[in-house]
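What follows is the content of my_file-v8.tsv (TSV, C-alpha atoms and all ligand atoms).
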chain	number	residue	atom	x	y	z
S	1	ALA	CA	-83.30	-130.30	-135.82
S	2	THR	CA	-80.42	-131.45	-133.65
S	3	ILE	CA	-80.86	-128.78	-130.96
S	4	GLY	CA	-81.37	-130.26	-127.52
S	5	LYS	CA	-80.73	-133.81	-128.74
S	6	PRO	CA	-77.64	-136.00	-128.74
S	7	ILE	CA	-75.79	-136.04	-132.07
S	8	GLU	CA	-74.35	-139.23	-133.51
S	9	CYS	CA	-71.15	-138.55	-135.47
S	10	LYS	CA	-67.63	-139.70	-136.25
S	11	ALA	CA	-64.70	-139.08	-133.91
S	12	ALA	CA	-61.12	-140.31	-133.73
S	13	VAL	CA	-60.97	-142.09	-130.38
S	14	ALA	CA	-57.74	-142.78	-128.49
S	15	TRP	CA	-58.63	-145.99	-126.60
S	16	GLY	CA	-55.28	-146.40	-124.89
S	17	PRO	CA	-51.67	-145.22	-124.77
S	18	ASN	CA	-49.64	-145.76	-127.93
S	19	GLU	CA	-52.58	-147.17	-129.88
S	20	HIS	CA	-53.54	-145.79	-133.27
S	21	LEU	CA	-56.62	-143.55	-133.18
S	22	LYS	CA	-59.79	-145.30	-134.31
S	23	ILE	CA	-62.56	-143.56	-136.21
S	24	GLU	CA	-65.71	-144.49	-134.27
S	25	THR	CA	-69.35	-143.47	-134.17
S	26	ILE	CA	-69.89	-141.54	-130.94
S	27	GLN	CA	-72.77	-139.71	-129.26
S	28	VAL	CA	-72.29	-136.06	-128.37
S	29	ALA	CA	-74.76	-134.83	-125.74
S	30	PRO	CA	-76.34	-131.36	-126.04
S	31	PRO	CA	-74.55	-128.44	-124.40
S	32	GLU	CA	-75.50	-127.74	-120.76
S	33	ASP	CA	-75.44	-124.32	-119.07
S	34	HIS	CA	-72.56	-122.14	-120.26
S	35	GLU	CA	-71.54	-124.71	-122.87
S	36	VAL	CA	-71.42	-124.62	-126.67
S	37	ARG	CA	-71.74	-127.49	-129.14
S	38	ILE	CA	-69.61	-126.96	-132.24
S	39	LYS	CA	-69.50	-128.63	-135.63
S	40	ILE	CA	-65.74	-128.97	-136.13
S	41	CYS	CA	-64.72	-128.26	-139.74
S	42	TYR	CA	-60.93	-128.53	-139.61
S	43	THR	CA	-58.30	-129.58	-137.13
S	44	ALA	CA	-54.53	-129.69	-137.16
S	45	VAL	CA	-52.42	-132.14	-135.20
S	46	CYS	CA	-49.95	-130.87	-132.62
S	47	HIS	CA	-47.28	-132.34	-130.34
S	48	THR	CA	-49.40	-132.23	-127.22
S	49	ASP	CA	-51.88	-134.61	-128.86
S	50	ALA	CA	-49.01	-136.98	-129.64
S	51	TYR	CA	-47.51	-136.60	-126.17
S	52	THR	CA	-50.74	-137.59	-124.45
S	53	LEU	CA	-51.36	-140.38	-126.95
S	54	SER	CA	-47.86	-141.75	-126.29
S	55	GLY	CA	-48.80	-142.48	-122.66
S	56	GLN	CA	-45.87	-140.41	-121.33
S	57	ASP	CA	-48.17	-137.69	-120.02
S	58	PRO	CA	-48.76	-138.67	-116.37
S	59	GLU	CA	-52.06	-136.78	-116.45
S	60	GLY	CA	-53.20	-138.40	-119.70
S	61	LEU	CA	-56.63	-140.07	-119.55
S	62	PHE	CA	-58.17	-142.78	-121.77
S	63	PRO	CA	-60.37	-143.32	-123.66
S	64	VAL	CA	-60.27	-139.75	-124.94
S	65	VAL	CA	-61.08	-137.53	-127.90
S	66	LEU	CA	-57.83	-135.62	-128.50
S	67	GLY	CA	-57.24	-132.50	-130.64
S	68	HIS	CA	-56.95	-128.84	-129.69
S	69	GLU	CA	-56.07	-126.91	-132.87
S	70	GLY	CA	-59.39	-126.61	-134.66
S	71	SER	CA	-62.08	-124.41	-136.17
S	72	GLY	CA	-65.81	-124.83	-136.62
S	73	ILE	CA	-69.36	-123.50	-136.54
S	74	VAL	CA	-71.67	-123.23	-133.52
S	75	GLU	CA	-74.43	-125.85	-133.75
S	76	SER	CA	-76.23	-125.02	-130.49
S	77	ILE	CA	-75.71	-123.22	-127.20
S	78	GLY	CA	-76.63	-123.93	-123.60
S	79	LYS	CA	-78.35	-121.57	-121.12
S	80	GLY	CA	-76.35	-118.51	-120.16
S	81	VAL	CA	-74.19	-118.39	-123.27
S	82	THR	CA	-74.00	-114.79	-124.45
S	83	ASP	CA	-70.87	-114.34	-126.55
S	84	VAL	CA	-71.60	-116.78	-129.40
S	85	ALA	CA	-74.73	-117.75	-131.32
S	86	ILE	CA	-75.79	-120.58	-133.63
S	87	GLY	CA	-73.97	-120.30	-136.96
S	88	ASP	CA	-71.02	-118.28	-135.66
S	89	HIS	CA	-67.58	-119.30	-136.87
S	90	VAL	CA	-65.43	-120.12	-133.88
S	91	ILE	CA	-62.09	-121.36	-132.61
S	92	PRO	CA	-61.94	-123.51	-129.45
S	93	LEU	CA	-59.36	-122.29	-126.92
S	94	TYR	CA	-57.36	-124.56	-124.66
S	95	VAL	CA	-56.37	-121.54	-122.60
S	96	PRO	CA	-59.75	-120.12	-121.61
S	97	GLN	CA	-60.48	-116.52	-120.63
S	98	CYS	CA	-63.26	-116.10	-118.05
S	99	ARG	CA	-62.55	-112.38	-117.48
S	100	GLU	CA	-63.39	-112.84	-113.77
S	101	CYS	CA	-60.58	-114.77	-112.08
S	102	LYS	CA	-57.50	-113.20	-110.48
S	103	PHE	CA	-55.43	-114.24	-113.48
S	104	CYS	CA	-57.82	-112.79	-116.04
S	105	LYS	CA	-57.97	-109.53	-114.10
S	106	SER	CA	-54.18	-109.21	-114.15
S	107	SER	CA	-52.59	-107.72	-117.23
S	108	LYS	CA	-49.48	-109.79	-116.49
S	109	THR	CA	-50.76	-113.23	-117.48
S	110	ASN	CA	-53.10	-115.08	-119.83
S	111	LEU	CA	-53.38	-118.21	-117.68
S	112	CYS	CA	-57.08	-118.17	-116.73
S	113	GLN	CA	-57.71	-120.61	-113.87
S	114	LYS	CA	-61.52	-120.72	-113.96
S	115	ILE	CA	-61.87	-124.28	-115.32
S	116	ARG	CA	-58.31	-125.52	-114.85
S	117	VAL	CA	-59.18	-128.42	-112.55
S	118	SER	CA	-62.02	-129.92	-114.60
S	119	GLN	CA	-60.11	-129.36	-117.85
S	120	GLY	CA	-57.19	-131.34	-116.41
S	121	GLN	CA	-59.60	-134.09	-115.38
S	122	GLY	CA	-60.92	-134.41	-118.93
S	123	VAL	CA	-64.46	-133.31	-118.11
S	124	MET	CA	-66.70	-130.27	-118.53
S	125	PRO	CA	-66.74	-127.69	-115.69
S	126	ASN	CA	-69.68	-129.46	-114.01
S	127	GLY	CA	-67.63	-132.65	-113.79
S	128	THR	CA	-69.24	-134.72	-116.56
S	129	SER	CA	-68.41	-135.73	-120.14
S	130	ARG	CA	-70.55	-135.08	-123.23
S	131	PHE	CA	-69.02	-137.98	-125.20
S	132	THR	CA	-70.03	-141.65	-125.24
S	133	CYS	CA	-69.04	-144.50	-127.53
S	134	ASN	CA	-70.68	-147.93	-127.32
S	135	GLY	CA	-72.05	-146.94	-123.92
S	136	LYS	CA	-68.62	-145.94	-122.61
S	137	LYS	CA	-67.76	-142.42	-121.44
S	138	LEU	CA	-64.93	-140.71	-123.32
S	139	PHE	CA	-62.81	-138.00	-121.77
S	140	HIS	CA	-62.48	-134.48	-123.18
S	141	PHE	CA	-59.00	-133.12	-123.94
S	142	MET	CA	-57.56	-129.67	-123.15
S	143	GLY	CA	-61.13	-128.33	-123.05
S	144	CYS	CA	-61.36	-128.71	-126.86
S	145	SER	CA	-61.46	-132.30	-128.30
S	146	THR	CA	-61.36	-131.27	-131.95
S	147	PHE	CA	-60.81	-134.78	-133.37
S	148	SER	CA	-64.58	-135.14	-133.72
S	149	GLU	CA	-67.30	-133.96	-136.09
S	150	TYR	CA	-69.01	-132.40	-133.05
S	151	THR	CA	-67.61	-131.32	-129.70
S	152	VAL	CA	-68.81	-129.45	-126.63
S	153	VAL	CA	-66.73	-126.74	-124.95
S	154	ALA	CA	-67.20	-124.27	-122.10
S	155	ASP	CA	-68.29	-120.79	-123.16
S	156	VAL	CA	-65.06	-119.38	-121.72
S	157	SER	CA	-63.11	-121.69	-124.06
S	158	ILE	CA	-64.35	-120.42	-127.40
S	159	THR	CA	-64.16	-117.28	-129.48
S	160	LYS	CA	-66.19	-115.98	-132.38
S	161	ILE	CA	-64.15	-114.98	-135.43
S	162	ASN	CA	-64.65	-113.12	-138.71
S	163	LYS	CA	-66.78	-115.22	-141.10
S	164	GLU	CA	-64.62	-114.18	-144.06
S	165	ALA	CA	-61.69	-116.16	-142.69
S	166	PRO	CA	-61.04	-119.59	-144.25
S	167	LEU	CA	-61.59	-122.13	-141.50
S	168	ASN	CA	-59.02	-124.51	-143.01
S	169	LYS	CA	-56.30	-121.96	-142.24
S	170	VAL	CA	-57.41	-120.20	-139.07
S	171	CYS	CA	-57.65	-123.52	-137.23
S	172	LEU	CA	-53.89	-123.02	-136.74
S	173	LEU	CA	-54.70	-120.07	-134.48
S	174	GLY	CA	-55.81	-122.59	-131.84
S	175	CYS	CA	-52.26	-123.35	-130.71
S	176	GLY	CA	-48.86	-123.37	-132.42
S	177	VAL	CA	-48.84	-120.14	-134.41
S	178	PRO	CA	-50.10	-117.79	-131.65
S	179	THR	CA	-47.75	-119.53	-129.23
S	180	GLY	CA	-44.66	-118.68	-131.26
S	181	TYR	CA	-45.80	-115.28	-132.53
S	182	GLY	CA	-46.82	-114.16	-129.02
S	183	ALA	CA	-43.61	-115.49	-127.45
S	184	ALA	CA	-41.71	-112.92	-129.52
S	185	LEU	CA	-44.19	-110.04	-129.22
S	186	ASN	CA	-45.77	-110.46	-125.76
S	187	THR	CA	-43.35	-112.48	-123.66
S	188	ALA	CA	-39.88	-111.54	-124.87
S	189	LYS	CA	-41.03	-108.18	-126.27
S	190	VAL	CA	-38.42	-108.29	-129.02
S	191	GLU	CA	-37.05	-104.83	-129.81
S	192	LYS	CA	-36.40	-103.13	-133.13
S	193	GLY	CA	-32.88	-103.72	-134.40
S	194	SER	CA	-32.21	-106.59	-131.99
S	195	THR	CA	-30.58	-109.96	-132.71
S	196	CYS	CA	-32.59	-113.15	-132.17
S	197	ALA	CA	-32.04	-116.91	-132.34
S	198	VAL	CA	-34.69	-119.62	-132.45
S	199	TRP	CA	-34.11	-123.30	-131.62
S	200	GLY	CA	-36.42	-125.63	-133.54
S	201	LEU	CA	-37.94	-124.66	-136.91
S	202	GLY	CA	-41.31	-126.40	-136.60
S	203	ALA	CA	-44.53	-124.39	-136.70
S	204	VAL	CA	-43.83	-122.88	-133.29
S	205	GLY	CA	-40.28	-121.78	-134.09
S	206	LEU	CA	-41.28	-120.43	-137.51
S	207	ALA	CA	-44.01	-118.37	-135.86
S	208	VAL	CA	-41.44	-116.98	-133.42
S	209	GLY	CA	-39.34	-115.92	-136.42
S	210	TRP	CA	-42.31	-114.12	-137.93
S	211	GLY	CA	-42.92	-112.35	-134.60
S	212	CYS	CA	-39.26	-111.26	-134.40
S	213	LYS	CA	-39.52	-109.89	-137.93
S	214	ALA	CA	-42.75	-108.06	-137.07
S	215	ALA	CA	-40.92	-106.49	-134.12
S	216	GLY	CA	-38.16	-105.26	-136.43
S	217	ALA	CA	-35.30	-107.56	-135.42
S	218	SER	CA	-32.16	-107.04	-137.51
S	219	LYS	CA	-30.91	-110.65	-137.38
S	220	ILE	CA	-32.97	-113.81	-136.86
S	221	ILE	CA	-30.93	-117.01	-136.64
S	222	GLY	CA	-32.70	-120.34	-137.11
S	223	ILE	CA	-31.13	-123.35	-135.38
S	224	ASP	CA	-32.14	-126.88	-136.33
S	225	ILE	CA	-30.53	-130.28	-136.72
S	226	ASN	CA	-32.73	-130.87	-139.78
S	227	ALA	CA	-31.20	-128.69	-142.51
S	228	LYS	CA	-34.26	-129.28	-144.71
S	229	LYS	CA	-36.10	-126.71	-142.55
S	230	PHE	CA	-33.81	-123.83	-143.55
S	231	GLU	CA	-35.30	-123.17	-146.99
S	232	ILE	CA	-38.89	-122.79	-145.79
S	233	ALA	CA	-37.75	-120.75	-142.78
S	234	LYS	CA	-36.59	-117.95	-145.11
S	235	LYS	CA	-40.27	-117.19	-145.79
S	236	PHE	CA	-40.75	-116.48	-142.09
S	237	GLY	CA	-38.08	-113.80	-141.76
S	238	PHE	CA	-35.07	-115.89	-140.76
S	239	THR	CA	-31.84	-114.30	-142.00
S	240	ASP	CA	-29.21	-116.86	-140.91
S	241	PHE	CA	-29.08	-120.57	-140.13
S	242	VAL	CA	-26.97	-122.78	-137.90
S	243	ASN	CA	-26.98	-126.56	-137.80
S	244	PRO	CA	-25.46	-127.73	-134.49
S	245	LYS	CA	-24.36	-130.91	-136.27
S	246	ASP	CA	-21.85	-128.86	-138.29
S	247	TYR	CA	-19.88	-127.94	-135.17
S	248	GLU	CA	-17.76	-129.79	-132.64
S	249	LYS	CA	-18.01	-127.18	-129.89
S	250	PRO	CA	-21.12	-126.32	-127.87
S	251	ILE	CA	-23.54	-124.26	-129.91
S	252	GLN	CA	-23.57	-121.46	-127.33
S	253	GLU	CA	-19.85	-120.85	-128.02
S	254	VAL	CA	-20.48	-120.83	-131.76
S	255	LEU	CA	-23.28	-118.29	-131.45
S	256	ILE	CA	-21.44	-116.01	-129.02
S	257	GLU	CA	-18.58	-115.78	-131.54
S	258	LEU	CA	-20.97	-115.23	-134.45
S	259	THR	CA	-22.82	-112.41	-132.69
S	260	ASP	CA	-20.10	-110.48	-130.87
S	261	GLY	CA	-20.95	-111.66	-127.36
S	262	GLY	CA	-24.37	-113.24	-127.73
S	263	LEU	CA	-27.96	-112.60	-128.72
S	264	ASP	CA	-30.46	-110.07	-127.43
S	265	PHE	CA	-33.29	-112.62	-127.55
S	266	THR	CA	-33.34	-116.41	-127.80
S	267	PHE	CA	-36.24	-118.87	-127.96
S	268	GLU	CA	-36.41	-122.62	-127.36
S	269	CYS	CA	-39.15	-124.23	-129.47
S	270	ILE	CA	-38.23	-127.92	-129.18
S	271	GLY	CA	-39.03	-128.94	-125.60
S	272	ASN	CA	-35.52	-130.24	-124.89
S	273	VAL	CA	-33.87	-129.20	-121.61
S	274	ALA	CA	-30.37	-129.28	-123.16
S	275	THR	CA	-31.31	-126.78	-125.87
S	276	MET	CA	-33.10	-124.67	-123.23
S	277	ARG	CA	-29.74	-124.34	-121.48
S	278	ALA	CA	-27.95	-123.59	-124.76
S	279	ALA	CA	-30.52	-120.89	-125.57
S	280	LEU	CA	-30.06	-119.18	-122.20
S	281	GLU	CA	-26.27	-119.35	-122.38
S	282	SER	CA	-26.28	-117.91	-125.92
S	283	CYS	CA	-27.79	-114.68	-124.59
S	284	HIS	CA	-25.71	-111.53	-124.38
S	285	LYS	CA	-24.28	-110.70	-120.97
S	286	GLY	CA	-26.11	-107.86	-119.24
S	287	TRP	CA	-29.40	-107.96	-121.10
S	288	GLY	CA	-30.08	-111.14	-123.11
S	289	VAL	CA	-33.54	-112.67	-122.62
S	290	SER	CA	-34.26	-116.35	-123.28
S	291	THR	CA	-37.84	-117.57	-123.60
S	292	ILE	CA	-38.86	-121.22	-123.20
S	293	VAL	CA	-41.67	-122.05	-125.59
S	294	GLY	CA	-41.23	-125.82	-126.14
S	295	VAL	CA	-42.86	-128.17	-123.67
S	296	ALA	CA	-40.49	-130.60	-121.98
S	297	GLY	CA	-41.62	-134.02	-120.78
S	298	ALA	CA	-43.04	-134.41	-117.27
S	299	GLY	CA	-40.42	-134.47	-114.54
S	300	GLN	CA	-37.61	-132.94	-116.64
S	301	GLU	CA	-35.51	-130.18	-115.09
S	302	ILE	CA	-33.51	-127.29	-116.53
S	303	SER	CA	-30.07	-126.27	-115.30
S	304	THR	CA	-27.41	-123.64	-115.79
S	305	ARG	CA	-24.83	-121.92	-113.63
S	306	PRO	CA	-26.50	-119.16	-111.58
S	307	PHE	CA	-23.68	-116.88	-112.73
S	308	GLN	CA	-25.51	-116.77	-116.08
S	309	LEU	CA	-28.40	-114.95	-114.39
S	310	VAL	CA	-26.25	-112.92	-111.98
S	311	THR	CA	-24.54	-111.44	-115.01
S	312	GLY	CA	-27.77	-110.14	-116.42
S	313	ARG	CA	-29.42	-112.81	-118.53
S	314	THR	CA	-33.15	-113.45	-118.00
S	315	TRP	CA	-34.96	-116.78	-118.34
S	316	LYS	CA	-38.66	-116.62	-119.22
S	317	GLY	CA	-41.43	-118.95	-120.35
S	318	THR	CA	-44.73	-118.62	-122.14
S	319	ALA	CA	-47.94	-120.55	-122.76
S	320	PHE	CA	-50.13	-119.72	-125.76
S	321	GLY	CA	-47.77	-116.83	-126.43
S	322	GLY	CA	-49.16	-114.81	-123.54
S	323	TRP	CA	-52.32	-114.00	-125.51
S	324	LYS	CA	-55.52	-113.50	-123.52
S	325	SER	CA	-57.31	-115.96	-125.71
S	326	ARG	CA	-60.86	-114.67	-126.30
S	327	ASP	CA	-59.67	-111.08	-126.70
S	328	SER	CA	-56.72	-111.89	-128.94
S	329	VAL	CA	-57.56	-114.77	-131.28
S	330	PRO	CA	-60.20	-112.78	-133.25
S	331	LYS	CA	-57.58	-110.04	-133.70
S	332	LEU	CA	-55.05	-112.58	-134.96
S	333	VAL	CA	-57.67	-113.77	-137.46
S	334	ASP	CA	-57.98	-110.16	-138.67
S	335	GLU	CA	-54.18	-109.86	-138.88
S	336	TYR	CA	-54.22	-112.92	-141.13
S	337	LEU	CA	-56.95	-111.42	-143.31
S	338	THR	CA	-54.93	-108.21	-143.74
S	339	LYS	CA	-51.82	-110.30	-144.51
S	340	LYS	CA	-49.92	-109.11	-141.43
S	341	LEU	CA	-49.76	-112.68	-140.12
S	342	LEU	CA	-48.83	-115.72	-142.24
S	343	LEU	CA	-50.87	-118.90	-141.94
S	344	ASP	CA	-51.04	-120.59	-145.36
S	345	GLU	CA	-47.27	-121.14	-145.33
S	346	PHE	CA	-47.55	-123.33	-142.19
S	347	VAL	CA	-49.86	-125.84	-143.85
S	348	SER	CA	-47.60	-128.48	-145.39
S	349	HIS	CA	-50.26	-131.21	-145.74
S	350	ASN	CA	-54.03	-131.32	-146.23
S	351	LEU	CA	-55.50	-134.68	-145.27
S	352	SER	CA	-58.90	-136.29	-144.75
S	353	PHE	CA	-60.15	-137.20	-141.28
S	354	ASN	CA	-59.56	-140.89	-142.08
S	355	GLU	CA	-55.87	-140.14	-142.56
S	356	ILE	CA	-55.43	-138.85	-139.01
S	357	ASN	CA	-52.85	-141.47	-138.05
S	358	ASP	CA	-50.80	-140.46	-141.11
S	359	ALA	CA	-50.78	-136.90	-139.78
S	360	PHE	CA	-49.18	-138.16	-136.56
S	361	HIS	CA	-46.63	-140.09	-138.61
S	362	LEU	CA	-45.73	-137.01	-140.71
S	363	MET	CA	-45.20	-135.04	-137.51
S	364	HIS	CA	-42.97	-137.68	-135.91
S	365	THR	CA	-40.75	-137.96	-138.98
S	366	GLY	CA	-40.37	-134.17	-139.24
S	367	GLU	CA	-41.88	-134.11	-142.76
S	368	SER	CA	-44.78	-131.83	-141.89
S	369	ILE	CA	-44.95	-128.31	-140.55
S	370	ARG	CA	-48.69	-128.65	-139.94
S	371	SER	CA	-51.15	-131.21	-141.33
S	372	VAL	CA	-54.71	-129.87	-141.55
S	373	LEU	CA	-57.49	-132.48	-141.54
S	374	THR	CA	-60.89	-131.89	-143.09
S	375	ILE	CA	-63.34	-133.23	-140.52
V	401	LIG	N1	-31.40	-129.11	-131.83
V	401	LIG	C1	-31.94	-128.35	-132.82
V	401	LIG	N2	-33.13	-128.60	-133.40
V	401	LIG	C2	-33.80	-129.69	-132.98
V	401	LIG	C3	-33.31	-130.54	-131.96
V	401	LIG	C4	-32.05	-130.21	-131.37
V	401	LIG	N3	-31.52	-130.93	-130.41
V	401	LIG	N4	-34.21	-131.52	-131.74
V	401	LIG	C5	-35.23	-131.30	-132.60
V	401	LIG	N5	-35.00	-130.20	-133.34
V	401	LIG	C6	-35.86	-129.60	-134.35
V	401	LIG	C7	-36.56	-130.57	-135.27
V	401	LIG	O1	-35.74	-130.95	-136.36
V	401	LIG	C8	-37.80	-129.78	-135.73
V	401	LIG	O2	-37.57	-129.06	-136.93
V	401	LIG	O3	-36.91	-128.91	-133.70
V	401	LIG	C9	-38.02	-128.78	-134.59
V	401	LIG	C10	-39.32	-129.03	-133.81
V	401	LIG	O4	-40.38	-128.82	-134.67
V	401	LIG	P1	-41.74	-129.67	-134.60
V	401	LIG	O5	-41.41	-131.06	-134.21
V	401	LIG	O6	-42.47	-129.44	-135.87
V	401	LIG	O7	-42.49	-129.00	-133.35
V	401	LIG	P2	-43.49	-127.76	-133.18
V	401	LIG	O8	-44.86	-128.16	-133.58
V	401	LIG	O9	-42.91	-126.53	-133.76
V	401	LIG	O10	-43.49	-127.64	-131.59
V	401	LIG	C11	-42.29	-127.38	-130.90
V	401	LIG	O11	-43.45	-126.61	-128.94
V	401	LIG	O12	-45.70	-126.92	-128.62
V	401	LIG	C12	-44.43	-127.31	-128.24
V	401	LIG	O13	-44.64	-129.55	-127.48
V	401	LIG	C13	-44.26	-128.76	-128.57
V	401	LIG	O14	-42.22	-128.97	-127.58
V	401	LIG	C14	-42.83	-128.84	-128.84
V	401	LIG	C15	-42.45	-127.48	-129.41
V	402	ZN	ZN	-60.08	-116.35	-115.85

As a first step, turn the structure in this file into C-alpha cells.
Amino acid sequence: ATIGKPIECKAAVAWGPNEHLKIETIQVAPPEDHEVRIKICYTAVCHTDAYTLSGQDPEGLFPVVLGHEGSGIVESIGKGVTDVAIGDHVIPLYVPQCRECKFCKSSKTNLCQKIRVSQGQGVMPNGTSRFTCNGKKLFHFMGCSTFSEYTVVADVSITKINKEAPLNKVCLLGCGVPTGYGAALNTAKVEKGSTCAVWGLGAVGLAVGWGCKAAGASKIIGIDINAKKFEIAKKFGFTDFVNPKDYEKPIQEVLIELTDGGLDFTFECIGNVATMRAALESCHKGWGVSTIVGVAGAGQEISTRPFQLVTGRTWKGTAFGGWKSRDSVPKLVDEYLTKKLLLDEFVSHNLSFNEINDAFHLMHTGESIRSVLTI
C-alpha cells in the first residue's frame, strides 16, 4: 500500500550541532533507481553519530538524520535493484560494495569509492535527499540514516541477511563489531600463539579481543583507564589487564617489560593520537604490527620517532575491519548464528526510540557498551 508513495513516519532529527535529537514526523520519498526503502527495526548508537552531532566534524551537515548501525526489512525497491526484494531482512552498510570500481576489484581494500562523494555530501547518488520535515530537506548520513522508522539507501549500501537472525542483535554488524573483529583477522592478521594488546575496551576494542582469540593469540592484554571494563572484557578473550593510571612511567615501557620486549600485535580503539603512539611503541622490535582502529578528530596528527619503523615495527589502519561489506556481513551474521561470533554480550542497554538522547548520554559517560534502540 505504501509502494511508490511517500511514507510519513517518526525520525530523530539533528537540527543543529550540539542540540538534542528531536523525534519528528518526516516524509520519506519512495526509492528511485538503484535505491531501497527500508523499515528500520533496530539501531545502535555509535561514536561517529555523536562526533557529527557535536559539530566538531568539519564535514557534518544539518539538519540530518543520523545513525549507521541498524537492521531492518525491505519495504520497497527502485528500478534496477536485483540483490534484495521486498520483505528481505537487511543491514545498511556505510562502506558500500559496488563490485565494479577499482577498489572493489582489488583484493587489498574494502574502501569502495562508487558513491563516496554523494555520501559525504549527505545525499543519494543522484544528488538529492529522500527526507523532508515540515517542508525542509534533511540530509542523509553515512549512506544509512538509521535513526528513522524508514530510510532510503543505495543498492550498493545494503545486504540481505539470514531471516533467522534476531534483528535486535545483528544491527551491531553495521559498524563497531565487524570493525574490531576484522581489524584483528583481516588487517593485522593476528597469528596463532602471538601476544596482543588492545587500547580501549568499548565495543570496538572488545571485538578486537574476540578476533585475537579466534586467531589463537596466547596473550590478549586489555588497556583502559576505566577499570570497570575489565570484568566484562574477560568474556571476550582478554587474559590480562593494564590500567595506565596505575603507573608513573609511560605505558609502552610498562608493556615492554611485561612482555619481554614488546607485543606482536597492538590495536588502538580509542581515537586518541597519544595512545596511537603508545600502541606503536609497545610493539616488539623487528616484527610488531600496530593497527589504528579508533577515529581521531579532524586535523589531528600522529607522531613517533622514525627509528621505531626502521627497526621493524609496522603501523597500519583499518576501516570497517577491512571487510568487503556486502560479501562479508551476511557471513558474519551466520557466524553469530553458529555462535562463532559474540553479539549479545555487546548489548548493555535496550532502549525505546524516544530514549535516543539517553543512549548518547550512556555512551558519553562510558556506562554503555552498546545501546540498542527499538525503532
Ligand atoms: N587510555 C586508555 N583507555 C582509554 C583512554 C586512554 N587515554 N581514553 C579512553 N579510554 C577508554 C574508555 O574508558 C573506553 O572504555 O577507551 C574506551 C573507548 O570505548 P567506547 O567509548 O565505548 O568506544 P567504541 O565504541 O569502542 O569506539 C572506539 O572507535 O569507532 C571508533 O570513533 C570510535 O574512536 C572511537 C573508537
Ligand atoms: Zn566499489

Q) With only C-alpha atoms as the basis for distance, which of S:Thr151, S:Ser194, S:Thr25, S:Ser157 is at the shortest distance from Cys133 in chain S? A) S:Thr25

Q) Of the candidates S:Asn134, S:Ser290, S:Ser107, S:Thr318, which shows the shortest atom-to-atom distance to ligand LIG 401 (chain V), using all atoms listed in the file? A)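 Checking each of S:Asn134, S:Ser290, S:Ser107, S:Thr318 against ligand LIG 401 (chain V), counting all atoms listed in the file, the winner is S:Thr318.
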
Given all atoms listed in the file, how would the per-residue table for chain S near ligand ZN 402 (chain V) read, listing every residue at most 7 Å away with its closest atom pair and distance in Å to one decimal, sorted by chain and number, as a tab-separated table?
residue	atom	partner	partner_atom	distance
S:Pro96	CA	V:ZN402	ZN	6.9
S:Gln97	CA	V:ZN402	ZN	4.8
S:Cys98	CA	V:ZN402	ZN	3.9
S:Arg99	CA	V:ZN402	ZN	5.0
S:Glu100	CA	V:ZN402	ZN	5.3
S:Cys101	CA	V:ZN402	ZN	4.1
S:Lys102	CA	V:ZN402	ZN	6.7
S:Phe103	CA	V:ZN402	ZN	5.6
S:Cys104	CA	V:ZN402	ZN	4.2
S:Cys112	CA	V:ZN402	ZN	3.6
S:Gln113	CA	V:ZN402	ZN	5.3
S:Lys114	CA	V:ZN402	ZN	5.0

Q.
as a PyMOL selection string, please: every protein or nucleic acid residue near ligand LIG 401 (chain V) (cut-off 9 Å, counting all atoms listed in the file).
A. chain S and resi 45-51+175-177+179-180+199-207+223-229+243-245+268-272+274-275+293-297+319-320+363-370

Would you save the residues of that selection, restricted to C-alpha atoms, as a tab-separated table (two decimals), keeping the file's coordinate frame?
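Generated file (part.tsv):
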chain	number	residue	atom	x	y	z
S	45	VAL	CA	-52.42	-132.14	-135.20
S	46	CYS	CA	-49.95	-130.87	-132.62
S	47	HIS	CA	-47.28	-132.34	-130.34
S	48	THR	CA	-49.40	-132.23	-127.22
S	49	ASP	CA	-51.88	-134.61	-128.86
S	50	ALA	CA	-49.01	-136.98	-129.64
S	51	TYR	CA	-47.51	-136.60	-126.17
S	175	CYS	CA	-52.26	-123.35	-130.71
S	176	GLY	CA	-48.86	-123.37	-132.42
S	177	VAL	CA	-48.84	-120.14	-134.41
S	179	THR	CA	-47.75	-119.53	-129.23
S	180	GLY	CA	-44.66	-118.68	-131.26
S	199	TRP	CA	-34.11	-123.30	-131.62
S	200	GLY	CA	-36.42	-125.63	-133.54
S	201	LEU	CA	-37.94	-124.66	-136.91
S	202	GLY	CA	-41.31	-126.40	-136.60
S	203	ALA	CA	-44.53	-124.39	-136.70
S	204	VAL	CA	-43.83	-122.88	-133.29
S	205	GLY	CA	-40.28	-121.78	-134.09
S	206	LEU	CA	-41.28	-120.43	-137.51
S	207	ALA	CA	-44.01	-118.37	-135.86
S	223	ILE	CA	-31.13	-123.35	-135.38
S	224	ASP	CA	-32.14	-126.88	-136.33
S	225	ILE	CA	-30.53	-130.28	-136.72
S	226	ASN	CA	-32.73	-130.87	-139.78
S	227	ALA	CA	-31.20	-128.69	-142.51
S	228	LYS	CA	-34.26	-129.28	-144.71
S	229	LYS	CA	-36.10	-126.71	-142.55
S	243	ASN	CA	-26.98	-126.56	-137.80
S	244	PRO	CA	-25.46	-127.73	-134.49
S	245	LYS	CA	-24.36	-130.91	-136.27
S	268	GLU	CA	-36.41	-122.62	-127.36
S	269	CYS	CA	-39.15	-124.23	-129.47
S	270	ILE	CA	-38.23	-127.92	-129.18
S	271	GLY	CA	-39.03	-128.94	-125.60
S	272	ASN	CA	-35.52	-130.24	-124.89
S	274	ALA	CA	-30.37	-129.28	-123.16
S	275	THR	CA	-31.31	-126.78	-125.87
S	293	VAL	CA	-41.67	-122.05	-125.59
S	294	GLY	CA	-41.23	-125.82	-126.14
S	295	VAL	CA	-42.86	-128.17	-123.67
S	296	ALA	CA	-40.49	-130.60	-121.98
S	297	GLY	CA	-41.62	-134.02	-120.78
S	319	ALA	CA	-47.94	-120.55	-122.76
S	320	PHE	CA	-50.13	-119.72	-125.76
S	363	MET	CA	-45.20	-135.04	-137.51
S	364	HIS	CA	-42.97	-137.68	-135.91
S	365	THR	CA	-40.75	-137.96	-138.98
S	366	GLY	CA	-40.37	-134.17	-139.24
S	367	GLU	CA	-41.88	-134.11	-142.76
S	368	SER	CA	-44.78	-131.83	-141.89
S	369	ILE	CA	-44.95	-128.31	-140.55
S	370	ARG	CA	-48.69	-128.65	-139.94
